[in-house]
file model.tsv (TSV, C-alpha atoms)
chain	number	residue	atom	x	y	z
A	1	MET	CA	26.04	-20.46	-21.36
A	2	ASP	CA	25.52	-17.12	-23.10
A	3	VAL	CA	26.99	-14.78	-20.48
A	4	GLU	CA	26.62	-11.64	-22.61
A	5	LYS	CA	22.93	-12.42	-23.19
A	6	TYR	CA	22.18	-12.70	-19.47
A	7	LEU	CA	24.14	-9.58	-18.59
A	8	TYR	CA	22.18	-7.69	-21.26
A	9	LEU	CA	18.84	-8.95	-19.95
A	10	ILE	CA	19.58	-7.78	-16.40
A	11	ASN	CA	21.33	-4.52	-17.29
A	12	PHE	CA	19.17	-3.31	-20.14
A	13	GLU	CA	16.10	-5.20	-21.36
A	14	PHE	CA	14.65	-5.86	-17.89
A	15	SER	CA	16.71	-3.41	-15.81
A	16	GLU	CA	13.67	-1.57	-14.41
A	17	ARG	CA	12.06	-4.75	-13.11
A	18	PHE	CA	15.31	-6.09	-11.66
A	19	GLY	CA	15.89	-2.72	-10.00
A	20	GLU	CA	12.45	-2.79	-8.40
A	21	PHE	CA	12.96	-6.39	-7.30
A	22	LYS	CA	16.25	-5.49	-5.66
A	23	LYS	CA	14.63	-2.58	-3.83
A	24	ILE	CA	11.87	-4.78	-2.38
A	25	LEU	CA	14.34	-7.56	-1.53
A	26	LEU	CA	16.63	-5.28	0.49
A	27	GLU	CA	13.76	-3.48	2.21
A	28	GLN	CA	12.04	-6.70	3.28
A	29	ASN	CA	15.34	-8.36	4.19
A	30	LYS	CA	15.35	-6.22	7.34
A	31	ILE	CA	12.14	-7.97	8.39
A	32	CYS	CA	12.35	-11.46	6.91
A	33	ASN	CA	16.07	-12.35	6.85
A	34	LEU	CA	15.92	-13.28	3.16
A	35	THR	CA	19.59	-13.10	2.24
A	36	SER	CA	23.03	-12.41	3.67
A	37	VAL	CA	24.13	-11.04	0.27
A	38	CYS	CA	23.14	-7.37	0.20
A	39	ASP	CA	25.86	-5.53	-1.75
A	40	ASP	CA	25.17	-4.46	-5.35
A	41	LYS	CA	27.71	-6.80	-6.92
A	42	GLY	CA	26.56	-9.76	-4.84
A	43	VAL	CA	22.86	-9.27	-5.57
A	44	PHE	CA	23.57	-8.78	-9.28
A	45	TYR	CA	25.77	-11.84	-9.81
A	46	LYS	CA	25.04	-14.22	-6.92
A	47	HIS	CA	21.27	-13.82	-7.08
A	48	PHE	CA	20.11	-12.37	-10.41
A	49	PHE	CA	22.70	-13.76	-12.81
A	50	ASP	CA	22.89	-17.13	-11.07
A	51	SER	CA	19.11	-17.51	-11.15
A	52	ILE	CA	18.72	-16.94	-14.87
A	53	ALA	CA	21.83	-18.94	-15.79
A	54	GLY	CA	19.71	-22.10	-15.89
A	55	GLU	CA	16.83	-20.71	-17.95
A	56	PHE	CA	17.72	-22.82	-21.00
A	57	LEU	CA	16.80	-25.94	-18.99
A	58	PHE	CA	13.18	-24.77	-18.61
A	59	PRO	CA	10.97	-25.78	-21.58
A	60	ASN	CA	8.67	-23.21	-23.15
A	61	GLY	CA	5.47	-22.81	-21.14
A	62	ALA	CA	6.65	-25.15	-18.36
A	63	HIS	CA	4.65	-25.35	-15.14
A	64	VAL	CA	7.29	-25.01	-12.41
A	65	VAL	CA	7.17	-25.58	-8.67
A	66	GLU	CA	9.90	-23.99	-6.57
A	67	ILE	CA	10.60	-25.56	-3.20
A	68	GLY	CA	11.71	-23.31	-0.33
A	69	SER	CA	11.29	-20.08	-2.31
A	70	GLY	CA	12.64	-17.78	0.41
A	71	GLY	CA	13.92	-14.67	-1.35
A	72	GLY	CA	12.49	-15.81	-4.69
A	73	PHE	CA	15.55	-17.34	-6.32
A	74	PRO	CA	15.64	-18.60	-9.01
A	75	SER	CA	11.88	-18.16	-9.60
A	76	ILE	CA	11.45	-14.37	-9.70
A	77	PRO	CA	14.43	-13.58	-11.99
A	78	LEU	CA	13.39	-16.46	-14.26
A	79	LYS	CA	9.82	-15.16	-14.42
A	80	ILE	CA	11.04	-11.63	-15.17
A	81	ILE	CA	12.83	-12.78	-18.33
A	82	ARG	CA	10.52	-15.71	-19.20
A	83	GLU	CA	6.86	-14.68	-19.09
A	84	ASP	CA	5.91	-18.06	-20.59
A	85	LEU	CA	6.79	-19.91	-17.40
A	86	ILE	CA	4.09	-20.70	-14.80
A	87	PHE	CA	5.22	-20.83	-11.17
A	88	ASP	CA	3.94	-22.23	-7.90
A	89	LEU	CA	6.20	-21.01	-5.08
A	90	ILE	CA	6.22	-23.21	-1.97
A	91	GLU	CA	7.41	-21.52	1.21
A	92	SER	CA	6.66	-22.57	4.80
A	93	THR	CA	7.39	-19.20	6.49
A	94	GLY	CA	4.44	-16.82	6.50
A	95	LYS	CA	6.49	-13.59	6.46
A	96	LYS	CA	8.42	-14.78	3.43
A	97	CYS	CA	5.15	-15.64	1.65
A	98	THR	CA	3.90	-12.11	2.32
A	99	TYR	CA	7.13	-10.75	0.82
A	100	LEU	CA	6.85	-13.02	-2.25
A	101	LYS	CA	3.25	-11.93	-2.84
A	102	GLN	CA	4.38	-8.30	-2.62
A	103	VAL	CA	7.08	-8.92	-5.25
A	104	VAL	CA	4.60	-10.66	-7.56
A	105	ASP	CA	2.11	-7.80	-7.17
A	106	LYS	CA	4.61	-4.93	-7.49
A	107	LEU	CA	6.30	-6.43	-10.56
A	108	GLY	CA	3.00	-7.37	-12.18
A	109	LEU	CA	3.98	-11.02	-12.62
A	110	ASN	CA	1.21	-13.18	-14.04
A	111	CYS	CA	0.72	-16.92	-13.45
A	112	VAL	CA	2.66	-16.98	-10.17
A	113	GLN	CA	1.04	-18.57	-7.10
A	114	VAL	CA	2.52	-18.43	-3.61
A	115	LEU	CA	1.67	-21.39	-1.34
A	116	ASN	CA	2.30	-21.14	2.40
A	117	ILE	CA	2.86	-24.86	3.05
A	118	ARG	CA	5.65	-27.27	3.94
A	119	ALA	CA	7.13	-29.11	0.98
A	120	GLU	CA	6.46	-32.53	2.52
A	121	ASP	CA	2.78	-31.65	3.01
A	122	GLY	CA	2.42	-30.25	-0.49
A	123	ALA	CA	3.96	-33.36	-1.99
A	124	ARG	CA	1.12	-35.45	-0.51
A	125	ASP	CA	-1.57	-33.19	-1.99
A	126	LYS	CA	-3.16	-34.93	-4.98
A	127	ASN	CA	-3.48	-31.56	-6.71
A	128	LEU	CA	0.29	-31.01	-6.52
A	129	ARG	CA	1.92	-34.44	-6.52
A	130	GLU	CA	3.46	-35.31	-9.91
A	131	LYS	CA	1.67	-32.38	-11.55
A	132	PHE	CA	4.66	-30.24	-12.58
A	133	ASP	CA	6.96	-30.19	-15.61
A	134	ILE	CA	9.82	-28.85	-13.50
A	135	SER	CA	10.68	-28.68	-9.83
A	136	CYS	CA	13.53	-26.38	-8.83
A	137	ALA	CA	15.29	-25.30	-5.66
A	138	ARG	CA	18.31	-23.24	-4.69
A	139	ALA	CA	20.33	-23.36	-1.46
A	140	VAL	CA	17.74	-25.31	0.55
A	141	ALA	CA	19.46	-28.56	1.61
A	142	ARG	CA	21.97	-31.18	0.53
A	143	LEU	CA	21.05	-32.84	-2.72
A	144	ASN	CA	19.91	-36.19	-1.29
A	145	THR	CA	17.52	-34.41	1.09
A	146	LEU	CA	16.46	-31.91	-1.55
A	147	ALA	CA	15.61	-34.69	-4.01
A	148	GLU	CA	13.16	-36.21	-1.54
A	149	TYR	CA	11.42	-32.86	-1.14
A	150	CYS	CA	11.35	-32.03	-4.86
A	151	MET	CA	11.02	-35.24	-6.90
A	152	PRO	CA	7.46	-36.13	-5.76
A	153	PHE	CA	6.12	-32.95	-7.41
A	154	VAL	CA	7.52	-33.80	-10.86
A	155	LYS	CA	5.48	-35.70	-13.43
A	156	VAL	CA	7.15	-38.60	-15.23
A	157	GLY	CA	9.11	-37.13	-18.12
A	158	GLY	CA	9.74	-33.88	-16.27
A	159	SER	CA	12.85	-32.67	-14.43
A	160	PHE	CA	14.12	-31.59	-11.04
A	161	ILE	CA	16.68	-28.79	-11.45
A	162	ALA	CA	18.91	-28.13	-8.46
A	163	TYR	CA	20.91	-24.91	-8.23
A	164	LYS	CA	24.00	-25.74	-6.19
A	165	GLY	CA	27.51	-24.51	-5.46
A	166	ASP	CA	30.57	-26.68	-5.90
A	167	CYS	CA	28.83	-29.98	-5.13
A	168	TYR	CA	30.68	-32.99	-6.54
A	169	ASP	CA	30.48	-34.86	-3.22
A	170	GLU	CA	26.76	-34.12	-2.90
A	171	ILE	CA	26.06	-35.53	-6.35
A	172	LYS	CA	27.81	-38.81	-5.57
A	173	GLU	CA	26.08	-38.94	-2.21
A	174	ALA	CA	22.63	-38.41	-3.79
A	175	GLU	CA	22.81	-41.09	-6.51
A	176	ARG	CA	20.97	-43.70	-4.43
A	177	ALA	CA	18.26	-41.26	-3.34
A	178	VAL	CA	17.66	-40.07	-6.90
A	179	LYS	CA	17.21	-43.65	-8.13
A	180	ILE	CA	14.82	-44.58	-5.30
A	181	LEU	CA	12.74	-41.47	-5.99
A	182	GLY	CA	12.31	-42.32	-9.68
A	183	GLY	CA	14.97	-40.14	-11.22
A	184	GLU	CA	18.27	-40.27	-13.02
A	185	ILE	CA	20.94	-37.57	-13.20
A	186	SER	CA	21.05	-36.48	-16.83
A	187	GLN	CA	23.21	-33.33	-16.72
A	188	VAL	CA	25.72	-31.72	-14.38
A	189	LEU	CA	26.69	-28.28	-15.62
A	190	THR	CA	29.33	-26.22	-13.83
A	191	TYR	CA	30.13	-22.56	-14.38
A	192	ASP	CA	31.86	-19.61	-12.76
A	193	LEU	CA	29.92	-16.47	-11.93
A	194	PRO	CA	31.45	-13.31	-13.46
A	195	GLU	CA	33.95	-11.21	-11.50
A	196	ASN	CA	35.10	-14.09	-9.30
A	197	CYS	CA	31.76	-14.37	-7.53
A	198	GLY	CA	31.97	-18.13	-7.15
A	199	LYS	CA	31.54	-21.52	-8.76
A	200	ARG	CA	28.06	-22.88	-9.39
A	201	THR	CA	26.51	-26.15	-10.53
A	202	LEU	CA	23.21	-27.00	-12.19
A	203	VAL	CA	22.08	-30.58	-11.62
A	204	ASN	CA	19.35	-31.71	-14.02
A	205	ILE	CA	17.57	-34.84	-12.81
A	206	LYS	CA	15.07	-36.49	-15.15
A	207	LYS	CA	11.96	-38.17	-13.72
A	208	VAL	CA	11.84	-41.59	-15.36
A	209	LYS	CA	9.24	-43.30	-13.15
A	210	SER	CA	6.75	-42.40	-10.44
A	211	THR	CA	8.02	-41.67	-6.95
A	212	PRO	CA	6.90	-44.33	-4.41
A	213	LEU	CA	4.02	-43.01	-2.31
A	214	ILE	CA	5.97	-43.32	0.96
A	215	TYR	CA	8.15	-40.36	-0.09
A	216	PRO	CA	8.62	-37.76	1.24
A	217	ARG	CA	8.67	-39.46	4.62
A	218	GLY	CA	7.98	-36.33	6.70
A	219	ARG	CA	8.68	-35.80	10.42
A	220	GLY	CA	12.05	-34.33	9.43
A	221	LEU	CA	13.42	-37.67	8.27
A	222	GLU	CA	14.45	-36.16	4.92
A	223	ARG	CA	17.14	-34.23	6.81
A	224	LYS	CA	17.78	-36.49	9.80
A	225	LYS	CA	18.10	-39.73	7.82
A	226	PRO	CA	18.69	-38.92	4.13
A	227	LEU	CA	18.16	-41.71	1.63
call {"tool": "encode", "arguments": {"input": "model.tsv", "output": "structure tokens"}}
result
Amino acid sequence: MDVEKYLYLINFEFSERFGEFKKILLEQNKICNLTSVCDDKGVFYKHFFDSIAGEFLFPNGAHVVEIGSGGGFPSIPLKIIREDLIFDLIESTGKKCTYLKQVVDKLGLNCVQVLNIRAEDGARDKNLREKFDISCARAVARLNTLAEYCMPFVKVGGSFIAYKGDCYDEIKEAERAVKILGGEISQVLTYDLPENCGKRTLVNIKKVKSTPLIYPRGRGLERKKPL
């Protein structure tokens, strides 16, 4: 990981856009409960830096679906530095969708669509199921549950990229689910955020075959009874 490159992108090349994003995030956080991390250092490293740390895993021009967008991480920071990426942001909470649309509009981000739907409903939509090069998510659920939400959106040959913390146990726990859903874990990349802001993991799961149509199961079973 090129730490100096990412620090430069946030601090200098795209500093104005990141500054505006931070302003909107903290203002709307009072209404939408978007993040518990509100200090300058935390937002800079735990949100902005962490989000763009995985950008090298996203192919040029990739069509990306983000599940449980919430505050817009990693999607918005990635889009700020990678205009080539196309994003569909799936978020079930209306207030958070309004916030995300405001961010997209204020920052002038092109090719970003905000969808106010549940992930399990979107995954059954023929216009969304197995239509994306990449599915990504950050801090939404444990990996076995998250895989069931995310894998159905990915076309065969694409990837599901999970942004996690220190998650060795989760990875072992999710191996069966990943296989059932048509994937295989191809990369597990760990790194430390600068200034002792925590350990992070990127889990890159390749889609090697179609996800069986019964998944996601819905009715909350993804969380209640993980694969």
call {"tool": "atom_distance", "arguments": {"input": "model.tsv", "atom1": "CA of Val104 in chain A", "atom2": "CA of Asn204 in chain A"}}
result
26.5 Å
call {"tool": "closest_residue", "arguments": {"input": "model.tsv", "among": "A:Gly165, A:Gly68, A:Pro74, A:Pro152", "to": "Arg217 in chain A", "atoms": "only C-alpha atoms"}}
result
A:Pro152
call {"tool": "atom_distance", "arguments": {"input": "model.tsv", "atom1": "CA of Leu227 in chain A", "atom2": "CA of Leu202 in chain A"}}
result
20.8 Å
call {"tool": "axis_aligned_box", "arguments": {"input": "model.tsv", "around": "range 47-54 of chain A", "padding_each_side": "4 Å", "output": "AutoDock Vina command-line options"}}
result
--center_x 20.8 --center_y -17.2 --center_z -11.5 --size_x 12.2 --size_y 17.7 --size_z 16.8
call {"tool": "closest_atom_pairs", "arguments": {"input": "model.tsv", "of": "range 94-190 of chain A", "to": "range 20-43 of chain A", "cutoff": "12 Å", "atoms": "all atoms listed in the file", "output": "Markdown table"}}
result
| residue | atom | partner | partner_atom | distance |
| --- | --- | --- | --- | --- |
| A:Gly94 | CA | A:Cys32 | CA | 9.6 |
| A:Lys95 | CA | A:Cys32 | CA | 6.3 |
| A:Lys96 | CA | A:Cys32 | CA | 6.2 |
| A:Cys97 | CA | A:Cys32 | CA | 9.8 |
| A:Thr98 | CA | A:Cys32 | CA | 9.6 |
| A:Tyr99 | CA | A:Gln28 | CA | 6.8 |
| A:Leu100 | CA | A:Leu25 | CA | 9.3 |
| A:Lys101 | CA | A:Ile24 | CA | 11.2 |
| A:Gln102 | CA | A:Ile24 | CA | 8.3 |
| A:Val103 | CA | A:Phe21 | CA | 6.7 |
| A:Val104 | CA | A:Phe21 | CA | 9.4 |
| A:Asp105 | CA | A:Phe21 | CA | 10.9 |
| A:Lys106 | CA | A:Glu20 | CA | 8.2 |
| A:Leu107 | CA | A:Phe21 | CA | 7.4 |
| A:Gly108 | CA | A:Phe21 | CA | 11.1 |
| A:Leu109 | CA | A:Phe21 | CA | 11.4 |
| A:Ala139 | CA | A:Thr35 | CA | 10.9 |
call {"tool": "closest_atom_pairs", "arguments": {"input": "model.tsv", "of": "range 137-223 of chain A", "to": "range 115-132 of chain A", "cutoff": "12 Å", "atoms": "only C-alpha atoms", "output": "tab-separated table"}}
result
residue	atom	partner	partner_atom	distance
A:Ala137	CA	A:Ala119	CA	11.2
A:Val140	CA	A:Ala119	CA	11.3
A:Thr145	CA	A:Glu120	CA	11.3
A:Leu146	CA	A:Ala119	CA	10.1
A:Ala147	CA	A:Ala119	CA	11.3
A:Glu148	CA	A:Glu120	CA	8.7
A:Tyr149	CA	A:Ala119	CA	6.1
A:Cys150	CA	A:Ala119	CA	7.8
A:Met151	CA	A:Glu130	CA	8.1
A:Pro152	CA	A:Glu130	CA	5.8
A:Phe153	CA	A:Glu130	CA	4.3
A:Val154	CA	A:Glu130	CA	4.4
A:Lys155	CA	A:Glu130	CA	4.1
A:Val156	CA	A:Glu130	CA	7.3
A:Gly157	CA	A:Phe132	CA	9.9
A:Gly158	CA	A:Phe132	CA	7.3
A:Ser159	CA	A:Phe132	CA	8.7
A:Phe160	CA	A:Phe132	CA	9.7
A:Leu181	CA	A:Glu130	CA	11.8
A:Gly182	CA	A:Glu130	CA	11.3
A:Lys207	CA	A:Glu130	CA	9.7
A:Val208	CA	A:Glu130	CA	11.8
A:Lys209	CA	A:Glu130	CA	10.4
A:Ser210	CA	A:Glu130	CA	7.8
A:Thr211	CA	A:Glu130	CA	8.4
A:Pro212	CA	A:Glu130	CA	11.1
A:Leu213	CA	A:Arg124	CA	8.3
A:Ile214	CA	A:Arg124	CA	9.4
A:Tyr215	CA	A:Ala123	CA	8.4
A:Pro216	CA	A:Glu120	CA	5.8
A:Arg217	CA	A:Glu120	CA	7.6
A:Gly218	CA	A:Glu120	CA	5.9
A:Arg219	CA	A:Glu120	CA	8.8
A:Gly220	CA	A:Glu120	CA	9.1
A:Leu221	CA	A:Glu120	CA	10.4
A:Glu222	CA	A:Glu120	CA	9.1
A:Arg223	CA	A:Glu120	CA	11.6
call {"tool": "closest_residue", "arguments": {"input": "model.tsv", "among": "A:Phe56, A:Phe12, A:Phe87, A:Tyr45", "to": "Asn196 in chain A", "atoms": "only C-alpha atoms"}}
result
A:Tyr45
call {"tool": "residues_near_point", "arguments": {"input": "model.tsv", "point": "(6.0, -23.4, -21.0)", "cutoff": "7 Å", "atoms": "all atoms listed in the file", "output": "JSON, numbers by chain"}}
result
{"A": [59, 60, 61, 62, 63, 84, 85]}
call {"tool": "atom_distance", "arguments": {"input": "model.tsv", "atom1": "CA of Ile161 in chain A", "atom2": "CA of Arg200 in chain A"}}
result
13.0 Å
call {"tool": "closest_residue", "arguments": {"input": "model.tsv", "among": "A:Ser15, A:Arg138, A:Val178, A:Tyr8", "to": "Gly71 in chain A", "atoms": "only C-alpha atoms"}}
result
A:Arg138
call {"tool": "decode", "arguments": {"input": "model.tsv", "residues": "range 131-145 of chain A", "atoms": "N, CA, C and O atoms", "output": "PDB file, in the first residue's frame"}}
result
ATOM      1  N   LYS A 131     -25.037  -8.149 -11.864  1.00  0.00           N
ATOM      2  CA  LYS A 131     -24.807  -7.133 -12.886  1.00  0.00           C
ATOM      3  C   LYS A 131     -23.560  -6.290 -12.626  1.00  0.00           C
ATOM      4  O   LYS A 131     -23.190  -5.456 -13.456  1.00  0.00           O
ATOM      5  N   PHE A 132     -22.880  -6.494 -11.479  1.00  0.00           N
ATOM      6  CA  PHE A 132     -21.809  -5.592 -11.082  1.00  0.00           C
ATOM      7  C   PHE A 132     -20.430  -6.262 -11.134  1.00  0.00           C
ATOM      8  O   PHE A 132     -20.289  -7.448 -10.852  1.00  0.00           O
ATOM      9  N   ASP A 133     -19.430  -5.442 -11.461  1.00  0.00           N
ATOM     10  CA  ASP A 133     -18.042  -5.925 -11.449  1.00  0.00           C
ATOM     11  C   ASP A 133     -17.554  -6.123 -10.020  1.00  0.00           C
ATOM     12  O   ASP A 133     -16.798  -7.057  -9.734  1.00  0.00           O
ATOM     13  N   ILE A 134     -17.992  -5.218  -9.150  1.00  0.00           N
ATOM     14  CA  ILE A 134     -17.545  -5.223  -7.752  1.00  0.00           C
ATOM     15  C   ILE A 134     -18.723  -4.934  -6.833  1.00  0.00           C
ATOM     16  O   ILE A 134     -19.550  -4.070  -7.118  1.00  0.00           O
ATOM     17  N   SER A 135     -18.785  -5.665  -5.740  1.00  0.00           N
ATOM     18  CA  SER A 135     -19.665  -5.315  -4.626  1.00  0.00           C
ATOM     19  C   SER A 135     -18.761  -5.017  -3.437  1.00  0.00           C
ATOM     20  O   SER A 135     -17.768  -5.722  -3.215  1.00  0.00           O
ATOM     21  N   CYS A 136     -19.076  -3.967  -2.693  1.00  0.00           N
ATOM     22  CA  CYS A 136     -18.245  -3.642  -1.529  1.00  0.00           C
ATOM     23  C   CYS A 136     -19.121  -3.240  -0.356  1.00  0.00           C
ATOM     24  O   CYS A 136     -20.275  -2.824  -0.521  1.00  0.00           O
ATOM     25  N   ALA A 137     -18.576  -3.384   0.830  1.00  0.00           N
ATOM     26  CA  ALA A 137     -19.293  -3.002   2.046  1.00  0.00           C
ATOM     27  C   ALA A 137     -18.281  -2.788   3.151  1.00  0.00           C
ATOM     28  O   ALA A 137     -17.214  -3.393   3.165  1.00  0.00           O
ATOM     29  N   ARG A 138     -18.654  -1.940   4.097  1.00  0.00           N
ATOM     30  CA  ARG A 138     -17.763  -1.607   5.210  1.00  0.00           C
ATOM     31  C   ARG A 138     -18.590  -1.497   6.489  1.00  0.00           C
ATOM     32  O   ARG A 138     -19.567  -0.737   6.535  1.00  0.00           O
ATOM     33  N   ALA A 139     -18.211  -2.283   7.492  1.00  0.00           N
ATOM     34  CA  ALA A 139     -18.826  -2.197   8.826  1.00  0.00           C
ATOM     35  C   ALA A 139     -20.341  -2.372   8.797  1.00  0.00           C
ATOM     36  O   ALA A 139     -21.074  -1.610   9.424  1.00  0.00           O
ATOM     37  N   VAL A 140     -20.816  -3.388   8.082  1.00  0.00           N
ATOM     38  CA  VAL A 140     -22.253  -3.641   7.991  1.00  0.00           C
ATOM     39  C   VAL A 140     -22.660  -4.851   8.830  1.00  0.00           C
ATOM     40  O   VAL A 140     -23.651  -4.800   9.556  1.00  0.00           O
ATOM     41  N   ALA A 141     -21.927  -5.954   8.726  1.00  0.00           N
ATOM     42  CA  ALA A 141     -22.272  -7.192   9.425  1.00  0.00           C
ATOM     43  C   ALA A 141     -21.059  -8.109   9.428  1.00  0.00           C
ATOM     44  O   ALA A 141     -20.046  -7.822   8.778  1.00  0.00           O
ATOM     45  N   ARG A 142     -21.169  -9.225  10.142  1.00  0.00           N
ATOM     46  CA  ARG A 142     -20.109 -10.227  10.090  1.00  0.00           C
ATOM     47  C   ARG A 142     -19.991 -10.775   8.674  1.00  0.00           C
ATOM     48  O   ARG A 142     -20.951 -10.756   7.904  1.00  0.00           O
ATOM     49  N   LEU A 143     -18.816 -11.279   8.352  1.00  0.00           N
ATOM     50  CA  LEU A 143     -18.505 -11.601   6.964  1.00  0.00           C
ATOM     51  C   LEU A 143     -19.423 -12.662   6.367  1.00  0.00           C
ATOM     52  O   LEU A 143     -19.779 -12.572   5.183  1.00  0.00           O
ATOM     53  N   ASN A 144     -19.823 -13.671   7.146  1.00  0.00           N
ATOM     54  CA  ASN A 144     -20.707 -14.695   6.575  1.00  0.00           C
ATOM     55  C   ASN A 144     -22.076 -14.118   6.201  1.00  0.00           C
ATOM     56  O   ASN A 144     -22.636 -14.434   5.146  1.00  0.00           O
ATOM     57  N   THR A 145     -22.592 -13.228   7.037  1.00  0.00           N
ATOM     58  CA  THR A 145     -23.845 -12.537   6.736  1.00  0.00           C
ATOM     59  C   THR A 145     -23.664 -11.570   5.575  1.00  0.00           C
ATOM     60  O   THR A 145     -24.479 -11.504   4.644  1.00  0.00           O
TER      61      THR A 145
END
